[in-house]
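Take a look at the structure below.
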Amino acid sequence: MAITENFKIQNITKNFFVSTSNFFQPVFDCYLANSKSEIRKAQKLRYKIFFNERNGKRIFNLSSFKRDADKFDKYSDHIIVTFKASRFSKTKIVGTYRLL
């Protein structure tokens with residue numbers, strides 16, 4: 001009796017039910033960068049915002065580095081905001097903040 005009880009429709013659907021309600025919902029996440037590669041990604045985003053999007057009004061040329069880095073980065077905490085459009089999309093860094 002115990003063997004047939006495991007094969008009831010209720011048990012099978014309970015074991016294989018997958019919730020799809022949040023598969024396509026966007027997800028934002030915010031955390032402190034905990035590796036050098038994450039800090040570099042934050043610096044690249046800062047470069048993109050502060051230097052690339054200035055419409056040619058650059059103060060100086062950082063194009064060879066493609067990162068906005070300075071001496072305060074090693075003393076700072078870097079907050080990273082990521083966005084994922086759905087569970088099937090790539091996670092993108094969409095925001096960063098540097099705390100001194």
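Convention: chains lettered A, B, ... in structure tokens order; per-chain residue numbering from 1; ligands numbered from 1 as shown.
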Q: Name the residues in contact with range 43-45 of chain A at a cut-off of 8 Å, using only C-alpha atoms, excluding same-chain residues fewer than 5 positions from it; report them as a PyMOL selection string.
A: chain A and resi 66-69+93-96
Q. So which residues touch His78 in chain A within 7 Å, counting only C-alpha atoms, skipping near sequence neighbours fewer than 2 positions away, as number ranges by chain?
A. A: 32-33, 39, 76, 80, 96-99
Output N, CA and C atoms for every residue in the selection just made, as a PDB file, in the first residue's frame.
ATOM      1  N   LEU A  32      27.761  45.082  -1.640  1.00  0.00           N
ATOM      2  CA  LEU A  32      29.125  45.600  -1.642  1.00  0.00           C
ATOM      3  C   LEU A  32      29.987  44.730  -2.544  1.00  0.00           C
ATOM      4  N   ALA A  33      30.809  45.358  -3.344  1.00  0.00           N
ATOM      5  CA  ALA A  33      31.725  44.606  -4.209  1.00  0.00           C
ATOM      6  C   ALA A  33      32.695  43.836  -3.319  1.00  0.00           C
ATOM      7  N   ILE A  39      35.038  45.465  -8.609  1.00  0.00           N
ATOM      8  CA  ILE A  39      35.442  46.874  -8.506  1.00  0.00           C
ATOM      9  C   ILE A  39      35.803  47.409  -9.886  1.00  0.00           C
ATOM     10  N   SER A  76      37.976  52.751  -0.467  1.00  0.00           N
ATOM     11  CA  SER A  76      36.518  52.905  -0.541  1.00  0.00           C
ATOM     12  C   SER A  76      35.806  51.564  -0.571  1.00  0.00           C
ATOM     13  N   ILE A  80      27.363  48.099  -5.543  1.00  0.00           N
ATOM     14  CA  ILE A  80      26.998  47.755  -6.916  1.00  0.00           C
ATOM     15  C   ILE A  80      25.509  47.422  -6.960  1.00  0.00           C
ATOM     16  N   THR A  96      26.372  52.192  -9.477  1.00  0.00           N
ATOM     17  CA  THR A  96      27.474  52.015  -8.541  1.00  0.00           C
ATOM     18  C   THR A  96      27.609  53.267  -7.696  1.00  0.00           C
ATOM     19  N   TYR A  97      28.079  53.086  -6.490  1.00  0.00           N
ATOM     20  CA  TYR A  97      28.311  54.209  -5.591  1.00  0.00           C
ATOM     21  C   TYR A  97      29.557  53.891  -4.788  1.00  0.00           C
ATOM     22  N   ARG A  98      30.398  54.882  -4.609  1.00  0.00           N
ATOM     23  CA  ARG A  98      31.654  54.681  -3.890  1.00  0.00           C
ATOM     24  C   ARG A  98      31.567  55.386  -2.547  1.00  0.00           C
ATOM     25  N   LEU A  99      31.761  54.622  -1.477  1.00  0.00           N
ATOM     26  CA  LEU A  99      31.731  55.166  -0.120  1.00  0.00           C
ATOM     27  C   LEU A  99      33.152  55.306   0.396  1.00  0.00           C
TER      28      LEU A  99
END
re CA of Lys48 in chain A and CA of Lys36 in chain A: distance 18.4 Å
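Distance annotation: of A:Asp77, A:Lys84, A:Phe72, A:Ile49, the residue with the minimal separation from Asn34 in chain A is A:Asp77; atom set is only C-alpha atoms.
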